[in-house]
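Colleague: One file is attached below, work22.pdb, containing PDB, C-alpha atoms.
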```
ATOM      1  CA  MET A   1       0.000   0.000   0.000
ATOM      2  CA  PRO A   2       1.570   3.317  -0.990
ATOM      3  CA  VAL A   3       1.808   6.561   0.960
ATOM      4  CA  LYS A   4      -1.046   9.081   0.790
ATOM      5  CA  VAL A   5      -0.008  12.652   0.034
ATOM      6  CA  HIS A   6      -2.605  15.256   1.017
ATOM      7  CA  ILE A   7      -2.479  18.190  -1.381
ATOM      8  CA  HIS A   8      -3.132  21.739  -0.187
ATOM      9  CA  LEU A   9      -6.053  23.538  -1.820
ATOM     10  CA  THR A  10      -3.679  26.001  -3.499
ATOM     11  CA  HIS A  11      -1.808  23.141  -5.177
ATOM     12  CA  ARG A  12      -4.783  21.123  -6.385
ATOM     13  CA  ARG A  13      -4.751  22.920  -9.725
ATOM     14  CA  PHE A  14      -1.527  20.973 -10.346
ATOM     15  CA  THR A  15      -3.062  17.608  -9.386
ATOM     16  CA  ASP A  16      -6.215  17.703 -11.517
ATOM     17  CA  GLY A  17      -8.117  18.777  -8.433
ATOM     18  CA  LYS A  18      -7.131  15.690  -6.454
ATOM     19  CA  GLU A  19      -7.026  16.198  -2.685
ATOM     20  CA  VAL A  20      -5.056  13.012  -2.071
ATOM     21  CA  VAL A  21      -2.442  11.456  -4.348
ATOM     22  CA  GLU A  22      -0.831   8.075  -3.781
ATOM     23  CA  ALA A  23       2.948   8.019  -4.036
ATOM     24  CA  GLU A  24       5.671   5.456  -3.450
ATOM     25  CA  GLY A  25       9.113   5.718  -1.920
ATOM     26  CA  GLN A  26      11.256   4.940   1.113
ATOM     27  CA  THR A  27      11.485   8.561   2.279
ATOM     28  CA  VAL A  28       9.361  11.706   2.206
ATOM     29  CA  GLY A  29      11.656  13.068  -0.518
ATOM     30  CA  GLU A  30      11.213   9.963  -2.692
ATOM     31  CA  CYS A  31       7.443  10.157  -2.283
ATOM     32  CA  LEU A  32       7.444  13.815  -3.290
ATOM     33  CA  ASN A  33       9.564  12.973  -6.331
ATOM     34  CA  HIS A  34       7.026  10.291  -7.279
ATOM     35  CA  LEU A  35       4.252  12.850  -6.782
ATOM     36  CA  ILE A  36       6.067  15.168  -9.202
ATOM     37  CA  GLN A  37       6.472  12.351 -11.747
ATOM     38  CA  GLN A  38       2.689  12.023 -11.737
ATOM     39  CA  PHE A  39       1.989  15.773 -11.605
ATOM     40  CA  PRO A  40       4.981  17.758 -12.912
ATOM     41  CA  GLY A  41       3.359  21.113 -12.027
ATOM     42  CA  MET A  42       3.913  20.294  -8.359
ATOM     43  CA  GLU A  43       7.687  20.635  -8.695
ATOM     44  CA  LYS A  44       7.770  24.430  -8.832
ATOM     45  CA  ALA A  45       4.912  24.606  -6.353
ATOM     46  CA  ILE A  46       6.809  22.864  -3.553
ATOM     47  CA  PHE A  47      10.520  22.996  -4.456
ATOM     48  CA  ALA A  48      12.614  26.179  -4.622
ATOM     49  CA  LYS A  49      15.455  24.143  -6.116
ATOM     50  CA  LYS A  50      16.577  20.527  -6.132
ATOM     51  CA  ASP A  51      16.082  18.989  -2.695
ATOM     52  CA  LYS A  52      15.110  22.379  -1.217
ATOM     53  CA  LEU A  53      11.477  23.020  -0.384
ATOM     54  CA  HIS A  54      10.046  26.514  -0.554
ATOM     55  CA  ASN A  55      10.276  28.111   2.899
ATOM     56  CA  ILE A  56       6.507  28.450   2.911
ATOM     57  CA  VAL A  57       5.911  24.696   2.439
ATOM     58  CA  GLU A  58       5.501  22.632   5.602
ATOM     59  CA  VAL A  59       5.545  18.838   5.603
ATOM     60  CA  TYR A  60       3.718  16.753   8.177
ATOM     61  CA  LEU A  61       4.142  12.985   8.374
ATOM     62  CA  ASN A  62       1.357  11.061  10.074
ATOM     63  CA  HIS A  63       0.018  14.309  11.559
ATOM     64  CA  ALA A  64       3.366  15.297  13.080
ATOM     65  CA  SER A  65       5.831  17.892  11.861
ATOM     66  CA  ALA A  66       8.597  16.351   9.750
ATOM     67  CA  HIS A  67      10.793  19.437  10.200
ATOM     68  CA  PRO A  68      13.813  19.593  10.109
ATOM     69  CA  ASN A  69      15.275  17.393   7.357
ATOM     70  CA  GLU A  70      11.800  16.555   6.101
ATOM     71  CA  LEU A  71      12.914  14.977   2.848
ATOM     72  CA  ALA A  72      15.103  12.379   4.567
ATOM     73  CA  LYS A  73      12.392  11.113   6.896
ATOM     74  CA  PRO A  74      11.647   7.411   6.259
ATOM     75  CA  VAL A  75       8.102   6.360   5.385
ATOM     76  CA  LYS A  76       6.300   3.052   5.281
ATOM     77  CA  ASP A  77       3.247   1.795   3.482
ATOM     78  CA  GLY A  78       0.073   3.437   4.685
ATOM     79  CA  ASP A  79       1.787   6.587   5.986
ATOM     80  CA  GLU A  80       0.227   9.985   5.317
ATOM     81  CA  ILE A  81       2.029  13.119   4.202
ATOM     82  CA  HIS A  82       0.343  16.537   4.426
ATOM     83  CA  LEU A  83       1.751  19.411   2.383
ATOM     84  CA  ILE A  84       0.683  22.622   4.118
ATOM     85  CA  LEU A  85       1.405  26.266   3.373
ATOM     86  CA  MET A  86       2.643  28.507   6.160
ATOM     87  CA  LEU A  87       0.279  31.367   7.040
ATOM     88  CA  ALA A  88       1.416  34.838   8.017
ATOM     89  CA  GLY A  89      -1.657  37.069   7.862
ATOM     90  CA  GLY A  90      -3.491  38.530  10.790
TER      91      GLY A  90
ATOM     92  CA  MET B   1     -12.642  40.749  45.598
ATOM     93  CA  LEU B   2     -15.327  41.139  42.983
ATOM     94  CA  THR B   3     -17.713  44.082  43.330
ATOM     95  CA  PRO B   4     -21.493  43.484  43.210
ATOM     96  CA  ASP B   5     -21.519  44.929  39.664
ATOM     97  CA  GLU B   6     -18.753  42.552  38.608
ATOM     98  CA  ARG B   7     -20.608  39.597  40.096
ATOM     99  CA  GLU B   8     -23.607  40.544  37.991
ATOM    100  CA  ARG B   9     -21.630  41.338  34.809
ATOM    101  CA  TYR B  10     -19.760  38.035  34.878
ATOM    102  CA  ASP B  11     -22.589  35.984  36.393
ATOM    103  CA  ARG B  12     -22.948  33.557  33.477
ATOM    104  CA  GLN B  13     -19.254  32.701  33.310
ATOM    105  CA  ILE B  14     -18.907  32.512  37.086
ATOM    106  CA  LEU B  15     -21.528  29.775  36.807
ATOM    107  CA  ILE B  16     -19.023  27.703  34.820
ATOM    108  CA  GLU B  17     -17.650  25.130  37.221
ATOM    109  CA  GLN B  18     -14.048  25.665  36.078
ATOM    110  CA  ILE B  19     -14.248  29.441  36.595
ATOM    111  CA  GLY B  20     -16.338  30.377  39.626
ATOM    112  CA  PRO B  21     -15.706  33.593  41.620
ATOM    113  CA  GLU B  22     -12.074  32.621  42.254
ATOM    114  CA  GLY B  23     -11.402  32.260  38.537
ATOM    115  CA  GLN B  24     -13.073  35.568  37.830
ATOM    116  CA  GLU B  25     -10.798  37.239  40.368
ATOM    117  CA  LYS B  26      -7.792  35.660  38.619
ATOM    118  CA  LEU B  27      -8.924  37.170  35.329
ATOM    119  CA  LYS B  28      -9.345  40.535  37.045
ATOM    120  CA  ARG B  29      -5.744  40.383  38.281
ATOM    121  CA  SER B  30      -4.368  39.383  34.854
ATOM    122  CA  ARG B  31      -2.434  41.526  32.386
ATOM    123  CA  VAL B  32      -2.409  40.615  28.714
ATOM    124  CA  VAL B  33      -0.601  42.158  25.754
ATOM    125  CA  ILE B  34      -2.301  41.937  22.361
ATOM    126  CA  ALA B  35       0.183  42.671  19.575
ATOM    127  CA  GLY B  36      -1.938  43.964  16.717
ATOM    128  CA  ALA B  37      -5.361  45.621  16.594
ATOM    129  CA  GLY B  38      -6.495  44.289  13.229
ATOM    130  CA  GLY B  39      -8.279  41.159  12.031
ATOM    131  CA  LEU B  40      -7.075  38.835  14.794
ATOM    132  CA  GLY B  41      -6.624  41.559  17.399
ATOM    133  CA  SER B  42     -10.259  42.648  17.171
ATOM    134  CA  PRO B  43     -11.980  39.450  18.328
ATOM    135  CA  ILE B  44      -9.174  38.683  20.786
ATOM    136  CA  ALA B  45      -9.511  42.101  22.410
ATOM    137  CA  ILE B  46     -13.318  42.065  22.410
ATOM    138  CA  TYR B  47     -13.599  38.679  24.109
ATOM    139  CA  LEU B  48     -10.824  39.253  26.641
ATOM    140  CA  THR B  49     -12.406  42.605  27.491
ATOM    141  CA  ALA B  50     -15.854  41.055  27.824
ATOM    142  CA  ALA B  51     -14.419  38.241  29.960
ATOM    143  CA  GLY B  52     -12.985  40.755  32.441
ATOM    144  CA  VAL B  53      -9.220  40.427  31.967
ATOM    145  CA  GLY B  54      -8.028  43.228  34.261
ATOM    146  CA  MET B  55      -5.528  44.945  31.984
ATOM    147  CA  ILE B  56      -5.192  44.726  28.230
ATOM    148  CA  ARG B  57      -2.293  46.429  26.469
ATOM    149  CA  LEU B  58      -3.063  46.839  22.801
ATOM    150  CA  ILE B  59      -0.151  47.642  20.487
ATOM    151  CA  ASP B  60      -0.461  48.748  16.849
ATOM    152  CA  HIS B  61       1.172  51.480  14.764
ATOM    153  CA  ASP B  62      -1.401  51.637  11.980
ATOM    154  CA  ARG B  63      -4.376  53.847  11.152
ATOM    155  CA  VAL B  64      -7.818  52.604  10.147
ATOM    156  CA  SER B  65      -8.500  52.427   6.407
ATOM    157  CA  LEU B  66     -11.586  51.478   4.413
ATOM    158  CA  SER B  67     -10.037  48.190   3.282
ATOM    159  CA  ASN B  68      -9.700  47.089   6.945
ATOM    160  CA  LEU B  69     -13.431  47.069   7.582
ATOM    161  CA  ASN B  70     -14.258  43.655   6.070
ATOM    162  CA  ARG B  71     -12.529  41.950   8.982
ATOM    163  CA  GLN B  72     -11.222  44.344  11.652
ATOM    164  CA  ILE B  73     -14.488  44.546  13.544
ATOM    165  CA  LEU B  74     -13.270  46.928  16.251
ATOM    166  CA  HIS B  75     -13.059  49.651  13.605
ATOM    167  CA  TRP B  76     -16.063  51.234  11.926
ATOM    168  CA  GLU B  77     -16.625  53.602   9.009
ATOM    169  CA  GLY B  78     -16.385  56.677  11.223
ATOM    170  CA  ASP B  79     -12.959  55.574  12.469
ATOM    171  CA  ILE B  80     -11.230  55.785   9.095
ATOM    172  CA  GLY B  81      -8.029  57.765   9.516
ATOM    173  CA  LYS B  82      -7.897  57.323  13.291
ATOM    174  CA  LYS B  83      -5.130  55.420  15.036
ATOM    175  CA  LYS B  84      -6.234  51.807  15.401
ATOM    176  CA  VAL B  85      -5.367  51.598  19.083
ATOM    177  CA  GLN B  86      -7.459  54.692  19.810
ATOM    178  CA  SER B  87     -10.378  53.411  17.752
ATOM    179  CA  ALA B  88     -10.153  50.051  19.497
ATOM    180  CA  ALA B  89      -9.693  51.459  23.002
ATOM    181  CA  THR B  90     -12.838  53.582  22.679
ATOM    182  CA  LYS B  91     -14.983  50.541  21.836
ATOM    183  CA  LEU B  92     -13.372  48.323  24.453
ATOM    184  CA  ARG B  93     -13.779  50.906  27.238
ATOM    185  CA  ASN B  94     -17.438  51.271  26.298
ATOM    186  CA  LEU B  95     -17.845  47.502  26.356
ATOM    187  CA  ASN B  96     -16.256  47.158  29.785
ATOM    188  CA  PRO B  97     -15.308  50.299  31.746
ATOM    189  CA  GLY B  98     -14.220  48.147  34.677
ATOM    190  CA  ILE B  99     -10.961  47.027  33.119
ATOM    191  CA  LYS B 100      -7.861  48.958  32.089
ATOM    192  CA  ILE B 101      -7.059  49.373  28.400
ATOM    193  CA  GLU B 102      -3.583  50.597  27.499
ATOM    194  CA  ALA B 103      -3.433  51.819  23.899
ATOM    195  CA  ILE B 104       0.113  51.937  22.541
ATOM    196  CA  ASP B 105       0.637  53.447  19.109
ATOM    197  CA  GLU B 106       4.064  52.021  18.315
ATOM    198  CA  THR B 107       5.782  49.721  15.864
ATOM    199  CA  ILE B 108       7.141  46.645  17.610
ATOM    200  CA  THR B 109      10.900  46.397  17.050
ATOM    201  CA  GLU B 110      13.875  44.555  18.529
ATOM    202  CA  ALA B 111      14.712  47.791  20.331
ATOM    203  CA  ASN B 112      11.403  48.385  22.115
ATOM    204  CA  VAL B 113       9.824  44.940  22.418
ATOM    205  CA  SER B 114      11.165  44.180  25.893
ATOM    206  CA  HIS B 115       9.744  47.427  27.243
ATOM    207  CA  LEU B 116       6.400  46.910  25.474
ATOM    208  CA  LEU B 117       5.917  43.437  26.948
ATOM    209  CA  GLU B 118       7.016  44.390  30.464
ATOM    210  CA  GLY B 119       4.871  43.179  33.343
ATOM    211  CA  CYS B 120       2.373  41.068  31.416
ATOM    212  CA  ASP B 121       1.153  37.520  32.055
ATOM    213  CA  ALA B 122       0.455  36.569  28.432
ATOM    214  CA  ILE B 123       1.355  37.811  24.945
ATOM    215  CA  VAL B 124      -1.094  37.313  22.093
ATOM    216  CA  ASP B 125       0.113  37.236  18.498
ATOM    217  CA  ALA B 126      -2.256  39.250  16.322
ATOM    218  CA  MET B 127       0.387  40.403  13.835
ATOM    219  CA  ASP B 128       0.168  40.435  10.064
ATOM    220  CA  ASN B 129       3.784  39.505   9.318
ATOM    221  CA  LEU B 130       6.267  36.824  10.323
ATOM    222  CA  SER B 131       9.225  39.056  11.125
ATOM    223  CA  THR B 132       7.425  40.790  14.010
ATOM    224  CA  ARG B 133       6.064  37.449  15.183
ATOM    225  CA  TYR B 134       9.643  36.218  15.558
ATOM    226  CA  ILE B 135      10.584  39.360  17.518
ATOM    227  CA  LEU B 136       7.690  38.644  19.885
ATOM    228  CA  ASN B 137       8.508  34.926  20.043
ATOM    229  CA  ARG B 138      12.122  35.570  21.057
ATOM    230  CA  CYS B 139      11.195  38.161  23.680
ATOM    231  CA  ALA B 140       8.450  35.919  25.096
ATOM    232  CA  ILE B 141      11.029  33.148  25.530
ATOM    233  CA  GLU B 142      13.574  35.494  27.114
ATOM    234  CA  LYS B 143      10.967  36.799  29.557
ATOM    235  CA  ASN B 144       9.387  33.364  30.096
ATOM    236  CA  ILE B 145       5.922  34.664  29.211
ATOM    237  CA  PRO B 146       3.444  32.397  27.349
ATOM    238  CA  PHE B 147       2.899  33.341  23.711
ATOM    239  CA  PHE B 148      -0.363  32.637  21.911
ATOM    240  CA  HIS B 149       0.198  32.316  18.164
ATOM    241  CA  GLY B 150      -2.419  32.765  15.482
ATOM    242  CA  ALA B 151      -2.242  33.391  11.726
ATOM    243  CA  ILE B 152      -4.683  33.426   8.855
ATOM    244  CA  ARG B 153      -4.969  33.598   5.068
ATOM    245  CA  GLY B 154      -8.142  33.365   3.006
ATOM    246  CA  PHE B 155     -10.425  30.822   4.651
ATOM    247  CA  GLU B 156      -7.514  29.162   6.482
ATOM    248  CA  GLY B 157      -6.074  29.756   9.910
ATOM    249  CA  ARG B 158      -3.870  28.233  12.559
ATOM    250  CA  ALA B 159      -3.240  28.569  16.262
ATOM    251  CA  MET B 160      -0.683  27.258  18.737
ATOM    252  CA  THR B 161       0.195  28.044  22.337
ATOM    253  CA  ILE B 162       3.814  28.367  23.388
ATOM    254  CA  LEU B 163       5.074  27.891  26.944
ATOM    255  CA  PRO B 164       8.701  29.086  26.779
ATOM    256  CA  GLY B 165      11.300  26.417  27.424
ATOM    257  CA  LYS B 166       8.622  23.748  27.790
ATOM    258  CA  THR B 167       6.887  23.459  24.432
ATOM    259  CA  ALA B 168       7.675  24.058  20.774
ATOM    260  CA  CYS B 169       7.980  27.729  19.869
ATOM    261  CA  LEU B 170       7.143  29.491  16.638
ATOM    262  CA  ARG B 171      10.767  29.491  15.593
ATOM    263  CA  CYS B 172      11.077  25.705  16.052
ATOM    264  CA  MET B 173       9.197  25.485  12.735
ATOM    265  CA  TYR B 174      11.364  28.105  10.986
ATOM    266  CA  ARG B 175      12.510  27.242   7.459
ATOM    267  CA  GLY B 176      13.827  30.615   6.344
ATOM    268  CA  SER B 177      12.396  33.967   5.385
ATOM    269  CA  VAL B 178       9.112  34.264   3.554
ATOM    270  CA  PRO B 179       8.265  37.320   1.434
ATOM    271  CA  GLU B 180       5.522  39.576   2.832
ATOM    272  CA  GLU B 181       2.349  39.777   0.792
ATOM    273  CA  LYS B 182      -0.992  41.548   0.655
ATOM    274  CA  PHE B 183      -2.811  38.489   1.959
ATOM    275  CA  PRO B 184      -6.379  37.619   0.982
ATOM    276  CA  VAL B 185      -8.817  37.220   3.875
ATOM    277  CA  ILE B 186     -12.491  37.245   4.770
ATOM    278  CA  GLY B 187     -13.461  38.431   8.255
ATOM    279  CA  VAL B 188     -14.891  35.160   9.505
ATOM    280  CA  THR B 189     -11.440  33.519   9.403
ATOM    281  CA  PRO B 190      -9.668  35.801  11.916
ATOM    282  CA  ALA B 191     -12.899  35.702  13.936
ATOM    283  CA  VAL B 192     -12.563  31.926  14.343
ATOM    284  CA  ILE B 193      -8.825  31.950  15.018
ATOM    285  CA  GLY B 194      -8.942  35.019  17.279
ATOM    286  CA  CYS B 195     -11.616  33.360  19.410
ATOM    287  CA  ILE B 196      -9.479  30.237  19.703
ATOM    288  CA  GLN B 197      -6.528  32.368  20.828
ATOM    289  CA  ALA B 198      -8.692  34.214  23.365
ATOM    290  CA  THR B 199      -9.964  30.876  24.680
ATOM    291  CA  GLU B 200      -6.383  29.671  25.085
ATOM    292  CA  VAL B 201      -5.439  32.834  27.008
ATOM    293  CA  ILE B 202      -8.411  32.469  29.359
ATOM    294  CA  LYS B 203      -7.627  28.786  29.968
ATOM    295  CA  TYR B 204      -3.984  29.591  30.669
ATOM    296  CA  LEU B 205      -4.802  32.444  33.058
ATOM    297  CA  LEU B 206      -7.232  30.204  34.936
ATOM    298  CA  GLY B 207      -5.048  27.094  34.807
ATOM    299  CA  ILE B 208      -7.836  24.988  33.316
ATOM    300  CA  GLY B 209      -8.330  22.736  30.314
ATOM    301  CA  GLN B 210      -5.823  21.418  27.802
ATOM    302  CA  LEU B 211      -3.724  24.006  25.991
ATOM    303  CA  LEU B 212      -2.698  23.896  22.334
ATOM    304  CA  THR B 213       0.900  23.220  23.307
ATOM    305  CA  ASN B 214       2.999  21.144  20.912
ATOM    306  CA  ARG B 215      -0.197  21.029  18.850
ATOM    307  CA  LEU B 216      -0.692  23.148  15.744
ATOM    308  CA  LEU B 217      -4.414  23.527  15.129
ATOM    309  CA  MET B 218      -5.236  24.147  11.472
ATOM    310  CA  TYR B 219      -8.638  25.473  10.418
ATOM    311  CA  ASP B 220     -10.002  25.131   6.899
ATOM    312  CA  GLY B 221     -13.150  27.212   6.652
ATOM    313  CA  LEU B 222     -13.980  26.031   3.149
ATOM    314  CA  GLU B 223     -14.033  22.387   4.182
ATOM    315  CA  ALA B 224     -15.357  23.191   7.676
ATOM    316  CA  LEU B 225     -12.456  21.153   9.011
ATOM    317  CA  PHE B 226     -10.123  21.388  11.992
ATOM    318  CA  THR B 227      -6.914  19.343  11.768
ATOM    319  CA  GLU B 228      -4.275  18.965  14.444
ATOM    320  CA  PHE B 229      -0.574  18.357  13.874
ATOM    321  CA  ALA B 230       1.999  17.494  16.510
ATOM    322  CA  VAL B 231       4.952  19.883  16.701
ATOM    323  CA  ASN B 232       7.973  19.220  18.890
ATOM    324  CA  ARG B 233      10.719  21.460  20.188
ATOM    325  CA  ASN B 234      13.631  21.697  17.789
ATOM    326  CA  PRO B 235      16.943  21.325  19.692
ATOM    327  CA  GLU B 236      18.562  23.426  16.964
ATOM    328  CA  CYS B 237      16.035  26.254  17.359
ATOM    329  CA  ASP B 238      17.882  29.575  17.570
ATOM    330  CA  HIS B 239      15.260  31.015  19.931
ATOM    331  CA  CYS B 240      14.539  28.260  22.452
ATOM    332  CA  GLY B 241      17.015  25.458  21.661
ATOM    333  CA  GLN B 242      19.415  26.449  24.441
ATOM    334  CA  ILE B 243      16.771  26.489  27.141
ATOM    335  CA  LYS B 244      16.698  23.299  29.203
TER     336      LYS B 244
END
```
Will you turn the file into structure tokens for me?
Modeller:
Amino acid sequence: MPVKVHIHLTHRRFTDGKEVVEAEGQTVGECLNHLIQQFPGMEKAIFAKKDKLHNIVEVYLNHASAHPNELAKPVKDGDEIHLILMLAGG
Amino acid sequence: MLTPDERERYDRQILIEQIGPEGQEKLKRSRVVIAGAGGLGSPIAIYLTAAGVGMIRLIDHDRVSLSNLNRQILHWEGDIGKKKVQSAATKLRNLNPGIKIEAIDETITEANVSHLLEGCDAIVDAMDNLSTRYILNRCAIEKNIPFFHGAIRGFEGRAMTILPGKTACLRCMYRGSVPEEKFPVIGVTPAVIGCIQATEVIKYLLGIGQLLTNRLLMYDGLEALFTEFAVNRNPECDHCGQIK
């Protein structure tokens, strides 16, 4: 069973409107790369450059912050990744 | 001691088992700083004033403009052009003349933040930018004063409570600078998040309930969904990492 990646509303225009995308990999980074293989528009949406997420992108693994070193965090089948955007307004 | 008028004013909340007259007296003795008198600051200030928090220090450097009025409910059409803290203080004093409102028309900076937060029991984040939030976060940690974070954008919001040296701080989640923007927002979003922050402050001051510590509460108004994420202290955090 692959990992479920929950897509933020802002990014769903890159995933054909899908809220959840299944991805495979041994780490968060590998899963995100598999997500990008399926939906190439997600690359610029979440990565500032290779292996560097935008500062505004937060990654949660199984409802817990994966920060720091998010991309290296190991995952197993059935895990859930949430991609969330930082908020700064008030 | 509560006066007869105070007993009547706060009667319905004194009836709450976890508050009672002793809790109401604690609120009366409490001093809270609200940093920002805008979208988040409005509901926070209104509900802490109504609840009878004894002293509220409201800090904001801005003036009221027409484009504020969709969400900053302490400010009305006739207040356009006035200083926000003055506009807010007038309404809050009318709502509850029995508490003290300090209106401070200043920009929060590294240089003045320690003075601005002096002598308070809680600091509430009602800012509209991350850089000032980090100034407040650092000073709250240095002074060992709880910091109540909230932020919003569009229909989304988040809240987290920070007990310095004990729970994850705002900076524990820091990934680097983020450009400031003219953020989209509808008034109901800061209303929801501001009320959550005010609830957290009241719970903390009374020592009741379960705080949003090490728990980031995310609100999605479009989906009518609250989601909680665990956040832990980052030992490498440049604000709180050295505190044992």
Colleague: Please enumerate the residues selected by the PyMOL selection byres ((chain B and resi 33) around 12) when evaluated against the supplied file, formatted as a PyMOL selection string.
Modeller: chain B and resi 30-32+34-37+41+44-45+48-49+53-60+100-104+113-126+136+140+145-148+198+201
Colleague: Leaving out Arg175 (chain B) and any residue of its chain fewer than 5 positions from it, which residues lie within 10 Å of it when counting only C-alpha atoms, given as a ChimeraX atom specification?
Modeller: /A:53-58,67-68
Colleague: If we count all atoms listed in the file, which residues of chain A reach to within 6 Å of chain B? Please list them as an MDAnalysis selection string.
Modeller: chainID A and resid 55 63:65 87:90
Colleague: Could you tell me, as an mmCIF file with C-alpha atoms, in the frame of the given file, exactly which residues end up selected when the PyMOL selection byres ((chain B and resi 78-80) around 7) is applied to this structure?
Modeller:
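File produced: selection_18.cif:
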```cif
data_model
loop_
_atom_site.group_PDB
_atom_site.id
_atom_site.type_symbol
_atom_site.label_atom_id
_atom_site.label_comp_id
_atom_site.auth_asym_id
_atom_site.auth_seq_id
_atom_site.Cartn_x
_atom_site.Cartn_y
_atom_site.Cartn_z
ATOM 1 C CA VAL B 64 -7.818 52.604 10.147
ATOM 2 C CA SER B 65 -8.500 52.427 6.407
ATOM 3 C CA LEU B 66 -11.586 51.478 4.413
ATOM 4 C CA HIS B 75 -13.059 49.651 13.605
ATOM 5 C CA TRP B 76 -16.063 51.234 11.926
ATOM 6 C CA GLU B 77 -16.625 53.602 9.009
ATOM 7 C CA GLY B 81 -8.029 57.765 9.516
ATOM 8 C CA LYS B 82 -7.897 57.323 13.291
ATOM 9 C CA SER B 87 -10.378 53.411 17.752
#
```
Colleague: Might you spell out which residues the PyMOL selection byres ((chain A and resi 27-30) around 8) would select in the displayed file, as a ChimeraX atom specification?
Modeller: /A:24-26,31-34,51,70-75,81
Colleague: If we count all atoms listed in the file, what is near region 4-19 of chain B at a cut-off of 10 Å, once residues fewer than 6 positions away on the same chain are taken out, given as a ChimeraX atom specification?
Modeller: /B:25-28,50-52,96,98,202-203,206-209
Colleague: Mind pulling up the distance from CA of Ala23 (chain A) to CA of Pro2 (chain A)?
Modeller: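 Between CA of Pro2 (chain A) and CA of Ala23 (chain A) the gap is 5.8 Å.
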Colleague: Interatomic distance between CA of Glu22 (chain B) and CA of Thr167 (chain B)?
Modeller: 27.6 Å
Colleague: Quick one: distance from CA of Val5 (chain A) to CA of Glu80 (chain A) in Å, one decimal?
Modeller: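 Between these atoms lies a distance of 5.9 Å.
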Colleague: Which one of A:Lys50, A:Val59, A:Gly41, A:Lys4 sits closest to Lys76 (chain A) if you count all atoms listed in the file?
Modeller: A:Lys4
Colleague: Can you list, as a PyMOL selection string, every protein, DNA or RNA residue that comes within 8 Å of Leu212 (chain B) when you count all atoms listed in the file, leaving out same-chain residues fewer than 6 positions away?
Modeller: chain B and resi 159-162+200
Colleague: Let me make sure I understand: among A:Val21, A:Gly78, A:Tyr60, A:Lys52, which one has the smallest atom-to-atom distance to Gln37 (chain A) if we use only C-alpha atoms?
Modeller: A:Val21
Colleague: Could you give me the axis-aligned bounding box of region 29-35 of chain A, with 8 Å of padding per side, as centre plus edge lengths in Å to one decimal, as JSON?
Modeller:
```
{"center_x": 8.0, "center_y": 11.9, "center_z": -3.9, "size_x": 23.4, "size_y": 19.9, "size_z": 22.8}
```
Colleague: May I ask which of the residues B:Pro43, B:Leu205, B:Asp105, B:Asn94 is the closest one to Asp62 (chain B), counting only C-alpha atoms?
Modeller: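 That would be B:Asp105, the residue with the smallest distance to Asp62 (chain B).
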